[in-house]
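A.B. asks: Dropping a structure here in structure tokens format, bear with me for questions.
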Amino acid sequence: MTDTMTAESSAYGEAVRAVRAGELDADEAAELLIDLMTDGEILGLLDGDSPRLLLPLIPILLDRVPFVAGAVSRLGIPGIRFSDGGRGVVIGASTAFPVTIARAATLDPSLEERVGLAIGLESRARGANYSASVCVNLLRHPAWGRAQECYGEDPVLTARMGTAITRGVRVHTMACVKHFALNSMENERFEVDVSVDEHALHEVYLPHFKAVVEAGADSVMSSYNRVRGEYMDVNRALLTDVLRQEWGFSGFVTSDWVFGTHDAVLSLQAGMDVEMPLRLLRARELPAALRSGDLARATVLQSARRILRTCVQHAATREVPGPTRAVIASPAHRALAHRVAAESIVLLKNETVGAAPLLPLAPTTRHLAVIGRLAAQANLGDHGSSRVRPPSTVSPLQGLREALPGVRITTTSGRNERAAAALAAAAETAIIVVGLDQHDEGESVVTGGVDVGVLGRAFGSGPFRRVLIGLAHLASRFVRGGDRASLDLRPSDERLIHAVVAANPRTVVVLISGSAILTETWRDRVPALLFAWYGGMEGGRALASVLTGSEEPGGRLPFVLPTDAAHLPSFDPAAKSVVYDDKWGQRRLDGEGHAAAFPFGFGLGYTTIEHRLLDHSFDDTGGNADVLVTNTGDREGSTVVQVYAADVSIRRPVAQLLGFRKVTLQPGAETTVRVILDAGPTLQRDPATRRWSSRAGDWALLAGQHSPVSWADAARLRRPEGPIEGQAVSDGRWICG
């Protein structure tokens with residue numbers, strides 16, 4: 001239903017008008033609508049509107065039309081009109097932004113809010129009013145197939161970026177945050193049972209969800225997996241006790257699609273409001289359960305109110321009139337995609353070769369060799385539910401040819417290593433583009449662990465069930481994506497790097513990926529190394545602009561790059577049960593004393609910038625730090641001021657990111673940057689009282705350009721006269737460093 005139809009004279013249109021005019025609040029409007037509805041129409045709010053026969057057509061329809069749930073044409077109720085949108089709208093030919101983890105690497109929430117605004121605008125132009133574009137699952141291990149859809153390993157970074165995109169999306173569509181909760185593996189996502197203690201649950205894996213809820217998220221999508229033995233759609237402890245009662249969430253909860261609902265009645269009672277996207281379990285079971293008394297009418301009405309209240313409130317507050325389709329993949333959105341891609345690129349190495357650093361490319365360059373199987377591919381990332389099909393794309397090779405029209409560029413896929421080495425030897429500089437694509441990682445669309453009973457009673461047991469499960473297991477062996485078996489490059493890519501570097505010491509390696517890639521077997525031989533992610537429709541042009549120096553590499557790692565996969569938590573993609581603790585990523589390396597290849601937050605630029613912490617103010621509610629930033633180089637450049645805390649009284653202090661802020665300075669300029677600090681990483685939650693308090697310890701604060709390698713300097717700054725004035729937290733001390 002279009003904006004125009006919604007505004008027509010109808011019960012729903014009148015309810016929206018009354019809320020917009022201040023004559024009713026959204027709760028009152030929802031009650032008035034419910035009073036006009038039949039029991040069948042009310043129950044229809046609680047699942048998708050499409051019949052189950054459309055199940056095989058979901059992959060085809062997903063990129064053509066919004067999926068609708070709870071529309072009541074008689075009253076003008078448009079229903080929930082769903083579009084996915086983690087890196088752009090999946091309907092039609094829309095703007096493809098860099099994947100979420102690439103945008104996390106910008107460490108720029110203001111830029112992410114602009115991306116959210118663009119995604120919401122294009123979603124609305126496609127007829128959607130509900131966008132599942134906010135994915136804040138924590139990256140517990142980089143082998144997770146859908147790592148590219150998250151904001152990395154840090155709760156504070158994830159919270160800041162997740163709340164930013166939420167603010168942007170909500171201007172035009174309802175924002176859905178997913179996948180709640182503890183969804184961090186792909187192959188067994190339908191079956192895995194996650195065990196977690198209260199400390200890790202509330203202090204590691206949920207803070208970013210809470211932040212997004214507090215930022216105004218309209219909806220939450222429950223995940224497929226189990227937590228502490230219960231599937232998430234029936235997990236009352238999380239959906240009601242935590243999400244609604246402890247956090248005060250007043251929006252509605254939807255299931256993950258098709259196989260995310262395991263019991264029609266229990267899921268409703270637990271707090272899962274809408275079964276998406278088809279008429280499956282609830283359509284079959286709720287009417288009889290309501291008639292028999294097994295389902296209380298009050299429970300049905302509770303979910304109906306949540307859904308209608310949220311929809312009316314959104315419709316009454318969003319901008320009017322709606323956008324035309326001219327906004328889709330518009331020049332402004334393409335320019336935004338380019339900027340985000342450039343600011344996401346992480347420069348990891350840039351050694352001097354001859355008289356100057358290898359990058360940016362010398363303006364006198366006349367011959368480049370561009371090598372690698374990914375050089376001529378746009379390579380936008382996963383081909384699952386988040387796939388975007390833009391009207392055009394730019395590969396790294398095309399981007400370089402456009403940026404350097406006067407330079408001879410020779411190219412090869414690198415399959416023949418000897419030919420690639422000869423090509424590199426004949427050029428002034430060689431650029432190798434290698435990494436991953438949709439075959440190596442992504443959503444595992446077909447797995448063997450689905451509960452096919454949701455499709456009907458005939459599949460609950462017997463031969464139909466066995467046949468369908470068998471087909472699912474068979475198909476799962478052939479589909480692309482899923483969790484990664486290794487964090488290394490393909491062996492052929494590693495051999496290619498060795499061959500090309502041996503032929504030409506002026507070699508740049510560009511990694512394309514949605515998560516960490518180990519570099520130990522070849523990193524020391526390569527003078528220049530960049531992480532370029534799945535860069536979206538303008539990724540090739542953005543990469544060329546960074547390589548040529550017309551733009552800075554603005555990215556910082558949103559995860560740690562270890563020297564050994566053994567330094568990370570264990571990861572078994574076939575596990576049916578896992579334990580999630582508070583030891584992962586950079587924090588695990590810190591706690592166990594392992595040096596990183598590149599620490600969390602690391603990234604170089606084309607200038608040199610110094611940081612010095614001047615002062616800070618901090619308590620249990622948060623605070624701020626003032627940091628003096630000086631550009632000591634000879635060109636404009638950006639940096640991300642990062643503020644970390646750690647308890648230096650323990651043998652191996654563990655860095656906790658409290659805040660960050662991006663700043664750009666002219667050469668020789670200096671400025672004082674105020675960084676807003678999040679108290680969350682320094683707090684602990686009492687499971688009995690649900691109250692938060694400060695952690696004991698001897699705390700130090702450091703400002704830098706990445707996670708600190710050592711806290712020795714901070715420990716030496718400990719002052720015998722006690723804490724800096726106003727900086728006492730609990731029975732610990734705060735030290736400037």
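Letters A, B, ... mark the chains of the structure tokens in the order given; residue numbers begin at 1 per chain; ligand numbers begin at 1, in order shown.
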Give the strand (DSSP E or B) residues of region 462-628 of chain A, as assigned by DSSP on the backbone, as number ranges by chain.

C.D. replies: A: 482, 507-512, 528-531, 561, 577-580, 598, 604, 609-619, 622-628

A.B. asks: Identify, on the basis of only C-alpha atoms, every residue whose closest approach to region 330-332 of chain A does not exceed 8 Å; exclude the query and any residue fewer than 4 positions from it along the same chain; express the result as a list in words.

C.D. replies: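 So the residues in contact are Thr95, Ala326 and Leu336 of chain A.
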
A.B. asks: Which residues of region 129-195 of chain A come within 10 Å of region 232-248 of chain A, and for each one, what is the closest pair of atoms and their distance in Å to one decimal, counting only C-alpha atoms, sorted by chain and residue number, as a tab-separated table?

C.D. replies:
residue	atom	partner	partner_atom	distance
A:His179	CA	A:Met232	CA	9.7
A:Phe180	CA	A:Met232	CA	7.6
A:Ala181	CA	A:Met232	CA	7.5
A:Leu182	CA	A:Met232	CA	9.6

A.B. asks: Grab the residues selected above and save them as a JSON list (two decimals), in the first residue's frame with all heavy atoms.

C.D. replies:
[["chain", "number", "residue", "atom", "x", "y", "z"],
["A", 179, "HIS", "N", 20.11, -10.24, 14.89],
["A", 179, "HIS", "CA", 19.19, -11.34, 15.16],
["A", 179, "HIS", "C", 19.30, -11.61, 16.65],
["A", 179, "HIS", "O", 20.38, -11.99, 17.11],
["A", 179, "HIS", "CB", 19.56, -12.59, 14.37],
["A", 179, "HIS", "CG", 19.73, -12.36, 12.88],
["A", 179, "HIS", "ND1", 20.88, -11.86, 12.33],
["A", 179, "HIS", "CD2", 18.88, -12.56, 11.85],
["A", 179, "HIS", "CE1", 20.75, -11.80, 11.01],
["A", 179, "HIS", "NE2", 19.54, -12.20, 10.68],
["A", 180, "PHE", "N", 18.23, -11.43, 17.37],
["A", 180, "PHE", "CA", 18.21, -11.48, 18.83],
["A", 180, "PHE", "C", 17.94, -12.91, 19.28],
["A", 180, "PHE", "O", 16.85, -13.42, 19.10],
["A", 180, "PHE", "CB", 17.11, -10.54, 19.33],
["A", 180, "PHE", "CG", 17.09, -10.33, 20.82],
["A", 180, "PHE", "CD1", 18.06, -9.57, 21.44],
["A", 180, "PHE", "CD2", 16.09, -10.88, 21.59],
["A", 180, "PHE", "CE1", 18.03, -9.35, 22.81],
["A", 180, "PHE", "CE2", 16.04, -10.68, 22.96],
["A", 180, "PHE", "CZ", 17.02, -9.91, 23.57],
["A", 181, "ALA", "N", 18.94, -13.57, 19.88],
["A", 181, "ALA", "CA", 20.25, -13.09, 20.30],
["A", 181, "ALA", "C", 21.24, -14.23, 20.18],
["A", 181, "ALA", "O", 20.87, -15.39, 19.98],
["A", 181, "ALA", "CB", 20.19, -12.61, 21.76],
["A", 182, "LEU", "N", 22.56, -13.88, 20.31],
["A", 182, "LEU", "CA", 23.66, -14.84, 20.32],
["A", 182, "LEU", "C", 23.72, -15.64, 19.04],
["A", 182, "LEU", "O", 24.00, -16.83, 19.03],
["A", 182, "LEU", "CB", 23.54, -15.77, 21.54],
["A", 182, "LEU", "CG", 23.70, -15.03, 22.87],
["A", 182, "LEU", "CD1", 22.83, -15.63, 23.94],
["A", 182, "LEU", "CD2", 25.15, -15.03, 23.31]]

A.B. asks: Please identify all polymer residues within 12 Å of Ala289 (chain A), counting only C-alpha atoms, omitting same-chain residues fewer than 4 positions from it, and present them as a PyMOL selection string.

C.D. replies: chain A and resi 43+263-266+268+281-285+293-297+299-300

A.B. asks: What lies within 7 Å of Arg17 (chain A) using only C-alpha atoms, ignoring chain neighbours under 4 positions off, as a list in words?

C.D. replies: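 Those residues are Gly13, Ala21 and Ala316 of chain A.
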
A.B. asks: Restrict the selected residues to N, CA and C atoms and save them as a compact mmCIF listing (two decimals), in the first residue's frame.

C.D. replies:
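Wrote selection-v5.txt, looks like this:
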# COMPACT_ATOMS: atom_id res chain seq x y z
N GLY A 13 -6.11 5.47 8.09
CA GLY A 13 -5.69 6.81 7.73
C GLY A 13 -6.17 7.84 8.73
N ALA A 21 -1.91 14.77 14.60
CA ALA A 21 -2.47 16.05 15.06
C ALA A 21 -2.45 16.18 16.58
N ALA A 316 2.65 8.23 11.55
CA ALA A 316 2.30 9.59 11.96
C ALA A 316 3.50 10.50 12.10

A.B. asks: Rank nothing, just name the residue among A:Gly435, A:Gly601, A:Gly120, A:Gly251 nearest to Trp533 (chain A), using only C-alpha atoms.

C.D. replies: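 For Trp533 (chain A), the nearest of the candidates is A:Gly435.
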
A.B. asks: Closest to Thr632 (chain A) among A:Pro667, A:Pro687, A:Pro599, A:Gly482, using only C-alpha atoms?

C.D. replies: A:Pro667

A.B. asks: Of the residues A:Val370, A:Val327, A:Leu33, A:Val648, which is the one nearest to Trp711 (chain A), using only C-alpha atoms?

C.D. replies: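 When distances to Trp711 (chain A) are compared using only C-alpha atoms, the smallest one comes from A:Val648.
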
A.B. asks: Env of Ala362 (chain A): 9 Å cut, atoms = only C-alpha atoms, seq-sep filter 6 positions within chain, self excluded. Answer as a list in words.

C.D. replies: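 So, after excluding close chain neighbours, the residues are Ala356, Thr548 and Gly549 of chain A.
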
A.B. asks: Report, in Å with one decimal, the straight-line distance from CA of Ala516 (chain A) to CA of Met161 (chain A).

C.D. replies: 19.4 Å

A.B. asks: Nearest to Pro51 (chain A): which of A:Leu36, A:Arg661, A:Met276, A:Asp619 is it, counting only C-alpha atoms?

C.D. replies: A:Met276

A.B. asks: Extract the full set of alpha helix (DSSP H) residues from region 288-536 of chain A according to DSSP on the backbone, and format it as a ChimeraX atom specification.

C.D. replies: /A:288-292,297-317,331-344,396-403,417-426,463-476,491-503

A.B. asks: Once you have the residues from the selection above, write them out as a PDB file, in the first residue's frame, restricted to C-alpha atoms.

C.D. replies:
ATOM      1  CA  ALA A 288      -8.475 -23.368  17.293  1.00  0.00           C
ATOM      2  CA  ALA A 289      -6.282 -22.499  20.295  1.00  0.00           C
ATOM      3  CA  LEU A 290      -8.207 -19.260  20.786  1.00  0.00           C
ATOM      4  CA  ARG A 291     -11.582 -21.024  20.555  1.00  0.00           C
ATOM      5  CA  SER A 292     -10.550 -23.776  22.987  1.00  0.00           C
ATOM      6  CA  ARG A 297      -7.539 -13.558  24.056  1.00  0.00           C
ATOM      7  CA  ALA A 298      -5.537 -11.077  26.150  1.00  0.00           C
ATOM      8  CA  THR A 299      -2.300 -12.541  24.783  1.00  0.00           C
ATOM      9  CA  VAL A 300      -3.493 -12.087  21.203  1.00  0.00           C
ATOM     10  CA  LEU A 301      -4.617  -8.521  21.864  1.00  0.00           C
ATOM     11  CA  GLN A 302      -1.329  -7.684  23.547  1.00  0.00           C
ATOM     12  CA  SER A 303       0.626  -8.502  20.389  1.00  0.00           C
ATOM     13  CA  ALA A 304      -1.989  -6.846  18.166  1.00  0.00           C
ATOM     14  CA  ARG A 305      -1.633  -3.615  20.148  1.00  0.00           C
ATOM     15  CA  ARG A 306       2.156  -3.676  19.863  1.00  0.00           C
ATOM     16  CA  ILE A 307       2.019  -4.126  16.103  1.00  0.00           C
ATOM     17  CA  LEU A 308      -0.667  -1.526  15.386  1.00  0.00           C
ATOM     18  CA  ARG A 309       0.686   1.001  17.872  1.00  0.00           C
ATOM     19  CA  THR A 310       4.158   0.841  16.311  1.00  0.00           C
ATOM     20  CA  CYS A 311       2.864   1.065  12.741  1.00  0.00           C
ATOM     21  CA  VAL A 312       0.559   4.006  13.481  1.00  0.00           C
ATOM     22  CA  GLN A 313       3.239   5.850  15.445  1.00  0.00           C
ATOM     23  CA  HIS A 314       5.719   5.455  12.610  1.00  0.00           C
ATOM     24  CA  ALA A 315       3.252   6.514   9.923  1.00  0.00           C
ATOM     25  CA  ALA A 316       2.299   9.585  11.964  1.00  0.00           C
ATOM     26  CA  THR A 317       5.873  10.759  12.458  1.00  0.00           C
ATOM     27  CA  PRO A 331      23.862  10.450  -7.866  1.00  0.00           C
ATOM     28  CA  ALA A 332      23.794  11.492  -4.205  1.00  0.00           C
ATOM     29  CA  HIS A 333      23.505   7.904  -3.011  1.00  0.00           C
ATOM     30  CA  ARG A 334      26.229   6.727  -5.401  1.00  0.00           C
ATOM     31  CA  ALA A 335      28.493   9.484  -4.076  1.00  0.00           C
ATOM     32  CA  LEU A 336      27.722   8.369  -0.526  1.00  0.00           C
ATOM     33  CA  ALA A 337      28.529   4.766  -1.426  1.00  0.00           C
ATOM     34  CA  HIS A 338      31.863   5.932  -2.854  1.00  0.00           C
ATOM     35  CA  ARG A 339      32.726   7.965   0.232  1.00  0.00           C
ATOM     36  CA  VAL A 340      31.874   5.136   2.607  1.00  0.00           C
ATOM     37  CA  ALA A 341      33.944   2.678   0.583  1.00  0.00           C
ATOM     38  CA  ALA A 342      37.002   4.959   0.597  1.00  0.00           C
ATOM     39  CA  GLU A 343      36.718   5.653   4.326  1.00  0.00           C
ATOM     40  CA  SER A 344      36.395   1.939   5.050  1.00  0.00           C
ATOM     41  CA  PRO A 396      39.106  -2.619  -8.982  1.00  0.00           C
ATOM     42  CA  LEU A 397      40.498  -2.952 -12.501  1.00  0.00           C
ATOM     43  CA  GLN A 398      37.868  -0.630 -13.989  1.00  0.00           C
ATOM     44  CA  GLY A 399      38.376   1.863 -11.176  1.00  0.00           C
ATOM     45  CA  LEU A 400      42.107   2.038 -11.824  1.00  0.00           C
ATOM     46  CA  ARG A 401      41.639   2.416 -15.563  1.00  0.00           C
ATOM     47  CA  GLU A 402      39.253   5.308 -15.013  1.00  0.00           C
ATOM     48  CA  ALA A 403      41.553   6.976 -12.477  1.00  0.00           C
ATOM     49  CA  GLU A 417      51.639 -17.929 -11.700  1.00  0.00           C
ATOM     50  CA  ARG A 418      54.600 -17.858 -14.068  1.00  0.00           C
ATOM     51  CA  ALA A 419      52.756 -15.587 -16.511  1.00  0.00           C
ATOM     52  CA  ALA A 420      51.628 -13.360 -13.637  1.00  0.00           C
ATOM     53  CA  ALA A 421      55.200 -13.028 -12.384  1.00  0.00           C
ATOM     54  CA  ALA A 422      56.400 -12.079 -15.865  1.00  0.00           C
ATOM     55  CA  LEU A 423      53.662  -9.469 -16.153  1.00  0.00           C
ATOM     56  CA  ALA A 424      54.611  -8.038 -12.748  1.00  0.00           C
ATOM     57  CA  ALA A 425      58.305  -7.946 -13.599  1.00  0.00           C
ATOM     58  CA  ALA A 426      57.612  -5.832 -16.693  1.00  0.00           C
ATOM     59  CA  PRO A 463       8.115 -40.481   4.899  1.00  0.00           C
ATOM     60  CA  PHE A 464       7.523 -36.900   3.704  1.00  0.00           C
ATOM     61  CA  ARG A 465       9.560 -35.555   6.593  1.00  0.00           C
ATOM     62  CA  ARG A 466      12.422 -37.991   6.022  1.00  0.00           C
ATOM     63  CA  VAL A 467      12.560 -37.272   2.294  1.00  0.00           C
ATOM     64  CA  LEU A 468      12.535 -33.497   2.724  1.00  0.00           C
ATOM     65  CA  ILE A 469      15.191 -33.537   5.441  1.00  0.00           C
ATOM     66  CA  GLY A 470      17.324 -35.799   3.292  1.00  0.00           C
ATOM     67  CA  LEU A 471      17.011 -33.419   0.343  1.00  0.00           C
ATOM     68  CA  ALA A 472      17.931 -30.488   2.577  1.00  0.00           C
ATOM     69  CA  HIS A 473      21.061 -32.248   3.816  1.00  0.00           C
ATOM     70  CA  LEU A 474      22.017 -33.140   0.254  1.00  0.00           C
ATOM     71  CA  ALA A 475      21.428 -29.624  -1.056  1.00  0.00           C
ATOM     72  CA  SER A 476      23.419 -28.089   1.800  1.00  0.00           C
ATOM     73  CA  PRO A 491      46.494 -21.670  -1.429  1.00  0.00           C
ATOM     74  CA  SER A 492      46.488 -20.457  -5.033  1.00  0.00           C
ATOM     75  CA  ASP A 493      46.243 -16.849  -3.843  1.00  0.00           C
ATOM     76  CA  GLU A 494      49.154 -17.297  -1.454  1.00  0.00           C
ATOM     77  CA  ARG A 495      51.288 -18.862  -4.182  1.00  0.00           C
ATOM     78  CA  LEU A 496      50.423 -15.967  -6.480  1.00  0.00           C
ATOM     79  CA  ILE A 497      51.536 -13.416  -3.875  1.00  0.00           C
ATOM     80  CA  HIS A 498      54.882 -15.149  -3.423  1.00  0.00           C
ATOM     81  CA  ALA A 499      55.457 -15.379  -7.175  1.00  0.00           C
ATOM     82  CA  VAL A 500      54.596 -11.745  -7.897  1.00  0.00           C
ATOM     83  CA  VAL A 501      56.565 -10.275  -4.973  1.00  0.00           C
ATOM     84  CA  ALA A 502      59.599 -12.291  -6.029  1.00  0.00           C
ATOM     85  CA  ALA A 503      59.299 -10.784  -9.510  1.00  0.00           C
TER      86      ALA A 503
END

A.B. asks: Pick the closest to Phe598 (chain A) from A:Pro505, A:Glu443, A:Leu348, A:His567: which is it, counting only C-alpha atoms?

C.D. replies: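 The answer is A:Leu348, which sits nearest to Phe598 (chain A).
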